Every structure is written in C-alpha cells, then in structure tokens.
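Have a look at model00.cif below; it lists mmCIF, C-alpha atoms and all ligand atoms.
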data_data
loop_
_atom_site.label_atom_id
_atom_site.label_comp_id
_atom_site.auth_asym_id
_atom_site.auth_seq_id
_atom_site.Cartn_x
_atom_site.Cartn_y
_atom_site.Cartn_z
CA MET T 83 0.00 0.00 0.00
CA PRO T 84 1.37 3.50 -0.82
CA GLU T 85 2.65 5.47 2.16
CA THR T 86 0.58 8.04 3.99
CA ARG T 87 1.44 10.38 6.80
CA TYR T 88 -2.02 10.37 8.36
CA GLN T 89 -4.44 7.72 9.55
CA ARG T 90 -7.57 9.84 9.91
CA VAL T 91 -8.40 13.22 8.42
CA VAL T 92 -11.38 15.51 7.94
CA ILE T 93 -11.63 17.18 4.54
CA LYS T 94 -13.79 20.26 4.17
CA ILE T 95 -14.80 21.11 0.62
CA SER T 96 -16.45 24.46 0.01
CA GLY T 97 -19.73 24.62 -1.86
CA GLU T 98 -18.17 27.18 -4.17
CA ALA T 99 -15.70 24.55 -5.31
CA LEU T 100 -18.55 22.22 -6.29
CA GLN T 101 -20.11 25.03 -8.30
CA GLY T 102 -17.22 25.13 -10.79
CA ASP T 103 -17.88 27.75 -13.46
CA LYS T 104 -21.63 27.71 -12.91
CA SER T 105 -23.45 30.58 -11.23
CA PHE T 106 -25.47 28.22 -9.02
CA GLY T 107 -25.60 24.58 -7.99
CA LEU T 108 -23.27 21.72 -8.81
CA ASP T 109 -20.98 21.30 -11.79
CA ASP T 110 -21.03 17.61 -12.75
CA ARG T 111 -17.44 17.72 -14.08
CA VAL T 112 -16.19 19.12 -10.79
CA ALA T 113 -18.16 16.53 -8.83
CA LEU T 114 -16.65 13.72 -10.92
CA SER T 115 -13.13 15.06 -10.68
CA LEU T 116 -13.41 15.50 -6.90
CA THR T 117 -14.75 11.96 -6.68
CA ASP T 118 -11.60 10.70 -8.43
CA GLU T 119 -9.40 12.74 -6.10
CA ILE T 120 -11.17 11.33 -3.03
CA LYS T 121 -10.92 7.81 -4.43
CA ARG T 122 -7.15 8.15 -4.88
CA ALA T 123 -6.83 9.48 -1.33
CA HIS T 124 -8.99 6.64 -0.01
CA ASP T 125 -6.80 4.12 -1.87
CA LEU T 126 -3.93 5.22 0.40
CA GLY T 127 -5.78 3.61 3.29
CA VAL T 128 -6.50 6.88 5.10
CA GLN T 129 -9.73 7.17 7.09
CA ILE T 130 -11.62 10.06 5.51
CA ALA T 131 -14.52 12.14 6.80
CA ILE T 132 -15.81 14.82 4.46
CA VAL T 133 -17.68 17.99 5.40
CA LEU T 134 -19.24 19.80 2.45
CA GLY T 135 -20.23 23.45 2.31
CA GLY T 136 -23.49 24.64 0.80
CA GLY T 137 -22.63 28.06 -0.61
CA ASN T 138 -23.22 26.82 -4.16
CA ILE T 139 -26.92 26.46 -3.34
CA CYS T 140 -27.52 28.95 -0.53
CA ASN T 141 -24.95 31.56 0.46
CA GLY T 142 -27.07 33.95 2.50
CA LEU T 143 -27.76 36.37 -0.37
CA LEU T 144 -31.24 34.97 -0.95
CA GLY T 145 -32.04 35.22 2.76
CA ALA T 146 -30.87 38.84 2.79
CA ALA T 147 -32.85 39.69 -0.35
CA LEU T 148 -35.99 38.19 1.15
CA ASN T 149 -35.38 39.73 4.56
CA MET T 150 -35.29 36.27 6.13
CA GLU T 151 -34.23 35.84 9.73
CA GLN T 152 -30.58 34.83 9.92
CA ALA T 153 -31.40 31.50 11.58
CA ALA T 154 -34.05 30.64 8.96
CA SER T 155 -31.64 31.38 6.13
CA ASP T 156 -28.92 29.38 7.89
CA TYR T 157 -31.17 26.32 8.13
CA VAL T 158 -31.69 26.48 4.36
CA GLY T 159 -27.88 26.60 4.05
CA MET T 160 -27.56 23.50 6.22
CA VAL T 161 -30.08 21.62 4.08
CA ALA T 162 -28.03 22.69 1.03
CA THR T 163 -24.97 20.96 2.52
CA ILE T 164 -27.04 17.77 2.85
CA MET T 165 -28.05 17.96 -0.80
CA ASN T 166 -24.37 18.22 -1.76
CA SER T 167 -23.56 15.31 0.57
CA LEU T 168 -26.14 13.02 -1.04
CA VAL T 169 -24.82 13.82 -4.50
CA LEU T 170 -21.22 13.12 -3.48
CA GLN T 171 -22.32 9.86 -1.88
CA GLU T 172 -23.80 8.70 -5.20
CA CYS T 173 -20.68 9.74 -7.10
CA LEU T 174 -18.43 7.81 -4.70
CA SER T 175 -20.73 4.77 -4.68
CA ASN T 176 -20.60 4.70 -8.48
CA LYS T 177 -16.82 4.31 -8.16
CA GLY T 178 -17.29 1.35 -5.83
CA ILE T 179 -16.45 3.22 -2.62
CA ASP T 180 -18.37 2.31 0.48
CA THR T 181 -19.81 5.49 2.02
CA ARG T 182 -22.15 6.66 4.74
CA VAL T 183 -23.81 10.03 5.07
CA GLN T 184 -24.57 11.26 8.57
CA THR T 185 -26.50 14.46 9.10
CA ALA T 186 -26.54 16.94 11.95
CA ILE T 187 -30.23 17.59 11.20
CA ALA T 188 -32.17 14.33 11.34
CA MET T 189 -33.42 13.13 7.96
CA PRO T 190 -33.87 9.43 8.67
CA GLN T 191 -35.31 8.62 5.25
CA LEU T 192 -32.14 9.89 3.62
CA ALA T 193 -29.24 9.30 5.98
CA GLU T 194 -28.16 8.34 9.47
CA PRO T 195 -28.17 10.99 12.17
CA TYR T 196 -24.70 12.05 13.27
CA ILE T 197 -23.62 9.76 16.12
CA ARG T 198 -19.95 10.07 17.04
CA LEU T 199 -19.26 6.45 17.90
CA ARG T 200 -21.04 5.20 14.78
CA ALA T 201 -19.06 7.72 12.77
CA VAL T 202 -15.82 6.32 14.21
CA ARG T 203 -16.96 2.79 13.41
CA HIS T 204 -17.64 3.71 9.77
CA LEU T 205 -14.17 5.22 9.51
CA GLU T 206 -12.57 2.16 11.08
CA LYS T 207 -14.36 -0.01 8.52
CA GLY T 208 -12.83 2.06 5.73
CA ARG T 209 -16.04 3.79 4.68
CA VAL T 210 -15.83 7.35 3.46
CA LEU T 211 -17.96 9.29 5.92
CA ILE T 212 -19.81 12.32 4.58
CA LEU T 213 -21.08 14.69 7.24
CA GLY T 214 -24.00 16.85 6.11
CA GLY T 215 -25.92 19.63 7.82
CA GLY T 216 -22.91 21.43 9.28
CA THR T 217 -23.14 21.63 13.06
CA GLY T 218 -26.95 21.57 12.98
CA ASN T 219 -26.92 25.07 14.48
CA PRO T 220 -27.38 28.45 12.81
CA HIS T 221 -24.95 31.37 13.07
CA VAL T 222 -21.89 29.27 12.24
CA THR T 223 -20.43 27.86 9.05
CA THR T 224 -19.22 24.53 7.78
CA ASP T 225 -15.62 25.56 8.60
CA SER T 226 -16.64 25.38 12.25
CA ALA T 227 -18.51 22.12 11.63
CA ALA T 228 -15.37 20.63 10.09
CA ALA T 229 -13.24 21.75 13.05
CA LEU T 230 -15.77 20.39 15.52
CA ARG T 231 -15.93 17.01 13.80
CA ALA T 232 -12.15 16.88 13.46
CA ALA T 233 -11.90 17.30 17.24
CA GLU T 234 -14.67 14.79 18.01
CA LEU T 235 -13.36 12.16 15.62
CA LYS T 236 -9.75 12.74 16.72
CA ALA T 237 -8.57 13.54 13.21
CA GLU T 238 -4.87 14.26 12.86
CA LEU T 239 -5.38 16.91 10.19
CA LEU T 240 -8.18 19.17 9.00
CA MET T 241 -7.87 19.80 5.29
CA MET T 242 -9.69 23.00 4.32
CA GLY T 243 -10.33 22.76 0.62
CA LYS T 244 -11.03 26.10 -0.96
CA ASN T 245 -11.89 27.02 -4.49
CA GLY T 246 -9.26 28.96 -6.41
CA VAL T 247 -7.46 29.78 -3.16
CA ASP T 248 -4.24 27.84 -2.82
CA GLY T 249 -3.54 28.76 0.79
CA VAL T 250 -3.26 31.59 3.28
CA TYR T 251 -1.84 34.90 1.99
CA THR T 252 -0.29 37.77 3.91
CA ASP T 253 -3.25 39.87 2.71
CA ASP T 254 -6.24 39.44 0.40
CA PRO T 255 -4.57 38.70 -2.98
CA LYS T 256 -7.64 40.01 -4.84
CA ARG T 257 -7.19 43.44 -3.25
CA ASN T 258 -3.43 43.51 -2.73
CA PRO T 259 -1.23 42.31 -5.64
CA ASN T 260 1.79 42.21 -3.29
CA ALA T 261 0.18 39.62 -1.00
CA SER T 262 2.29 36.47 -0.79
CA LEU T 263 1.42 32.85 -0.02
CA LEU T 264 2.49 31.58 3.41
CA SER T 265 3.63 27.97 3.56
CA LYS T 266 3.24 27.85 7.37
CA ILE T 267 1.69 30.05 10.02
CA SER T 268 0.86 29.57 13.69
CA PHE T 269 -2.70 29.76 14.98
CA ASP T 270 -1.70 32.77 17.11
CA GLU T 271 -0.32 34.66 14.14
CA PHE T 272 -3.30 33.75 11.97
CA LEU T 273 -5.65 35.20 14.58
CA ALA T 274 -3.45 38.24 15.28
CA ARG T 275 -3.31 39.13 11.58
CA ARG T 276 -7.09 38.79 11.29
CA LEU T 277 -6.77 36.67 8.17
CA GLU T 278 -10.18 35.81 6.80
CA VAL T 279 -9.83 32.66 4.76
CA ILE T 280 -11.20 30.50 7.62
CA ASP T 281 -13.62 31.25 10.47
CA THR T 282 -11.92 32.27 13.66
CA ALA T 283 -14.20 29.87 15.56
CA ALA T 284 -12.78 26.99 13.53
CA ILE T 285 -9.25 28.21 14.13
CA SER T 286 -9.80 28.43 17.90
CA LEU T 287 -11.26 24.94 18.05
CA CYS T 288 -8.32 23.45 16.19
CA GLN T 289 -5.82 25.41 18.26
CA THR T 290 -7.34 24.14 21.51
CA ASN T 291 -7.39 20.58 20.24
CA ARG T 292 -3.96 20.76 18.56
CA ILE T 293 -5.29 19.80 15.15
CA PRO T 294 -3.26 21.33 12.33
CA ILE T 295 -5.18 22.80 9.40
CA CYS T 296 -3.99 22.62 5.82
CA VAL T 297 -5.60 25.26 3.60
CA PHE T 298 -5.37 24.19 -0.02
CA ASP T 299 -7.01 24.36 -3.44
CA CYS T 300 -9.25 21.30 -3.46
CA LEU T 301 -9.61 21.39 -7.24
CA GLY T 302 -5.84 21.14 -7.80
CA LYS T 303 -5.05 17.77 -9.35
CA GLY T 304 -3.46 15.35 -6.88
CA ASN T 305 -3.54 17.87 -4.03
CA ILE T 306 -5.53 15.75 -1.58
CA ARG T 307 -3.39 12.66 -2.08
CA HIS T 308 -0.10 14.56 -2.03
CA ILE T 309 -0.98 16.34 1.22
CA LEU T 310 -1.83 12.98 2.79
CA GLN T 311 1.57 11.73 1.68
CA GLY T 312 3.22 14.60 3.53
CA GLU T 313 3.93 17.04 0.70
CA ALA T 314 3.90 20.71 1.59
CA ILE T 315 0.96 22.01 -0.42
CA GLY T 316 -1.00 25.14 0.48
CA THR T 317 -0.57 26.54 3.99
CA LEU T 318 -0.18 24.62 7.21
CA ILE T 319 -1.64 26.35 10.27
CA SER T 320 -0.57 24.81 13.55
CA ASN T 321 0.61 25.46 17.08
CA ASN T 322 3.83 27.46 17.50
CA LYS T 323 5.72 24.48 18.89
CA ASP T 324 4.71 22.19 16.02
CA LEU T 325 6.07 24.68 13.49
CA GLU T 326 9.61 24.58 14.94
N1 LIG T 401 -24.68 26.78 8.13
C1 LIG T 401 -25.10 26.94 9.43
N2 LIG T 401 -24.56 26.15 10.40
C2 LIG T 401 -23.58 25.24 10.16
C3 LIG T 401 -23.13 25.10 8.85
C4 LIG T 401 -23.68 25.88 7.84
O1 LIG T 401 -25.96 27.78 9.70
O2 LIG T 401 -23.13 24.56 11.09
C5 LIG T 401 -25.32 27.56 7.05
C6 LIG T 401 -24.80 28.99 6.93
O3 LIG T 401 -25.88 29.81 6.54
C7 LIG T 401 -23.81 28.89 5.80
C8 LIG T 401 -24.48 27.88 4.89
O4 LIG T 401 -25.10 26.96 5.80
O5 LIG T 401 -23.62 30.13 5.18
C9 LIG T 401 -23.55 27.12 3.96
O6 LIG T 401 -22.37 26.74 4.63
P1 LIG T 401 -20.97 27.45 4.33
O7 LIG T 401 -21.15 28.93 4.12
O8 LIG T 401 -20.03 27.06 5.39
O9 LIG T 401 -20.60 26.76 2.96
P2 LIG T 401 -19.38 27.10 1.97
O10 LIG T 401 -19.16 28.59 1.99
O11 LIG T 401 -18.20 26.37 2.49
O12 LIG T 401 -19.86 26.58 0.67
#
Would it be possible to restate this file's structure as structure tokens?
Amino acid sequence: MPETRYQRVVIKISGEALQGDKSFGLDDRVALSLTDEIKRAHDLGVQIAIVLGGGNICNGLLGAALNMEQAASDYVGMVATIMNSLVLQECLSNKGIDTRVQTAIAMPQLAEPYIRLRAVRHLEKGRVLILGGGTGNPHVTTDSAAALRAAELKAELLMMGKNGVDGVYTDDPKRNPNASLLSKISFDEFLARRLEVIDTAAISLCQTNRIPICVFDCLGKGNIRHILQGEAIGTLISNNKDLE
C-alpha cells in the first residue's frame, strides 16, 4: 500500500468549489473530478470524513434579499450541505467506494443521524464518511462544523479545501497584488493578523485541540493525495511548537 502520513483526516470542501464555473448549484465535471481525487486518497488507506459546504446552493444572499431571519436562512444553508452530501455519496458509490452520510439535522429517510461512535466505526471499517448539515446550528459555518468534527473524531489533520485559493496569503490577494502565499503560520499569528480565509471559531477549536489545518485548493489535481503523503501544499496552520 502507498505510504501516507495520516491515519484519519477531515476534509472540508467548500460549496463554491462544487459550483465550478456555474453561477449556481453543482458542476457535474467538478463533482466527478473531486470523486476521483477522493478515491485516490482513499486508496492510500486513510480514514476520511468529508464535510461539504453549501454556498453553491444557498450563500445567504437569498435570505438577505428576502429579509429572512438569519437563523431561517442558515437552516436552508444546512439543508443545502445535505443535498451536496447526497450527490457526493452517489458519485463515490458509483466508483465502488463504500460510504455513509450522517446528518446533523435528522433526515432518517435519507441518511443516518450524526452519532460520534457510529461515525468512528464507519471510519474504522474504511467507509468514506460524509457529514451533512454542518453543526446543525445556525450562526456558524461549515468551517466550524469541520473543526468540531475533526476534534470529536480525533482527526490528525483538518484539510480545508477552498476554491481557487491555494492557501493563506499575507493579505487578500484580490485586493493587494503584493500579498504572498504563506507555507506555514501559527494559529496565534493567523488570529493576530485577522486573516479571513477560515472562520476564527474553527481556528480556535483546532488550536485548543492541537489539530493542524492545511488550507489548499481542493480542485488542484493530486492535491488531496499529495498532502496525505506529507507534501507541503497550500498553507499549514498549527501550534507554534509544532512549526519549529
Ligand atoms: N450553516 C449553518 N450552520 C452550520 C453550517 C452551515 O448555519 O453549522 C449555514 C450557513 O448559513 C452557511 C451555509 O449553511 O452560510 C452554507 O455553509 P458554508 O457557508 O459554510 O458553505 P461554503 O461557503 O463552504 O460553501
């Protein structure tokens, strides 16, 4: 079996990544290519839990336009993440990968509810676990859900897959052409610099639980597998001591 540096990881994939070039929803080519990437990573023997975003279906703009309450709009966003999860499950199943979807909002006709010990069991059995519905609570995002699950499931790494963003920059590269990519940064420095690529709640959770975060472009070919094999891709955010 090819070598891997990690035994268990959580991979967060943003909804925007699933959208590809489309203005809304899922791009089938992106879904298929991500499926291949996940399959190659799974072939390494790593236990993989996936948290999907929902911004490709509901990103808060609709809620704002319709003057929806924040919590109501957030629940629609959580359901959107479950829709993405069910699609990814089908794509992975079609490639012969055993999967389970667990949701933070109960939908028993569609998937299991999230139960930590069952989740661990699925991972131990080599099933790709897809976690839909975020945290099940409004006012947070799937970045926080991914951090929370990484802590609960004792993942060794949280891989934050972004779309078109290949890591953490010194400043917003869209606004500042002089912004440069950081290969490593500590949690403290990330928070002190008020960098925005990940929720601060997710950062704090990972800092407390000593779970390093790798921010990377999830659509980059081979990125998931190469990171699992220990290659320095994107930006690694971790505790000061671990960076030495
Ligand atoms: N959401 C939420 N609680 C959660 C996770 C998600 O309320 O635990 C809602 C929130 O409105 C969020 C939307 O679902 O904007 C979609 O998730 P997110 O923005 O994290 O998706 P991404 O931007 O990664 O596609």
Between T:Glu313, T:Asp225, T:Glu172, T:Asp253, which residue has the minimum interatomic distance to Arg87 of chain T, considering all atoms listed in the file? T:Glu313
Contacts to ligand LIG 401 (chain T) at 9 Å cut-off (all atoms listed in the file) as a PyMOL selection string: chain T and resi 94-100+133-142+152-163+186+214-228+243-244
List the neighbours of Arg111 of chain T out to 12 Å using all atoms listed in the file; skip same-chain residues closer than 2 positions along the sequence, and give me the result as a ChimeraX atom specification. /T:99-104,108-109,113-118,173,301
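Here the question is which of T:His308, T:Arg231, T:Lys121, T:His204 gets nearest to Lys177 of chain T using only C-alpha atoms, and that residue is T:Lys121.
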Could you name the residues that touch Gly302 of chain T at 9 Å or less, counting only C-alpha atoms, but leaving out those on the same chain fewer than 4 positions away, as a ChimeraX atom specification? /T:246,248,298,306
Selection near Val92 of chain T, 10 Å with all atoms listed in the file, sequence-local residues under 2 positions removed, as JSON, numbers by chain: {"T": [90, 94, 95, 129, 130, 131, 132, 133, 211, 212, 213, 228, 229, 231, 232, 233, 235, 236, 237, 238, 239, 240, 241, 242, 295]}
Take every atom of segment 158-169 of chain T listed in the file, fit an axis-aligned box around them, add 8 Å per side, and give the centre and edge lengths in Å to one decimal as JSON.
{"center_x": -27.6, "center_y": 19.8, "center_z": 0.9, "size_x": 24.1, "size_y": 29.6, "size_z": 26.7}
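For the pair atom CA of Ala261 of chain T and atom CA of Cys296 of chain T, the interatomic distance is 18.8 Å.
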Could you please give me, as a ChimeraX atom specification, the residues of protein, DNA or RNA lying at most 12 Å from (-2.2, 36.7, 10.6) in the coordinate frame of the file, considering all atoms listed in the file? /T:250-254,263-264,266-280,282,285,319
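Distance-wise, atom CA of Ser105 of chain T and atom CA of Leu144 of chain T end up 13.6 Å apart.
Candidate residues T:Met189, T:Val210, T:Leu199, T:Ala146 were compared for distance to Leu174 of chain T, and the nearest is T:Val210, using all atoms listed in the file.
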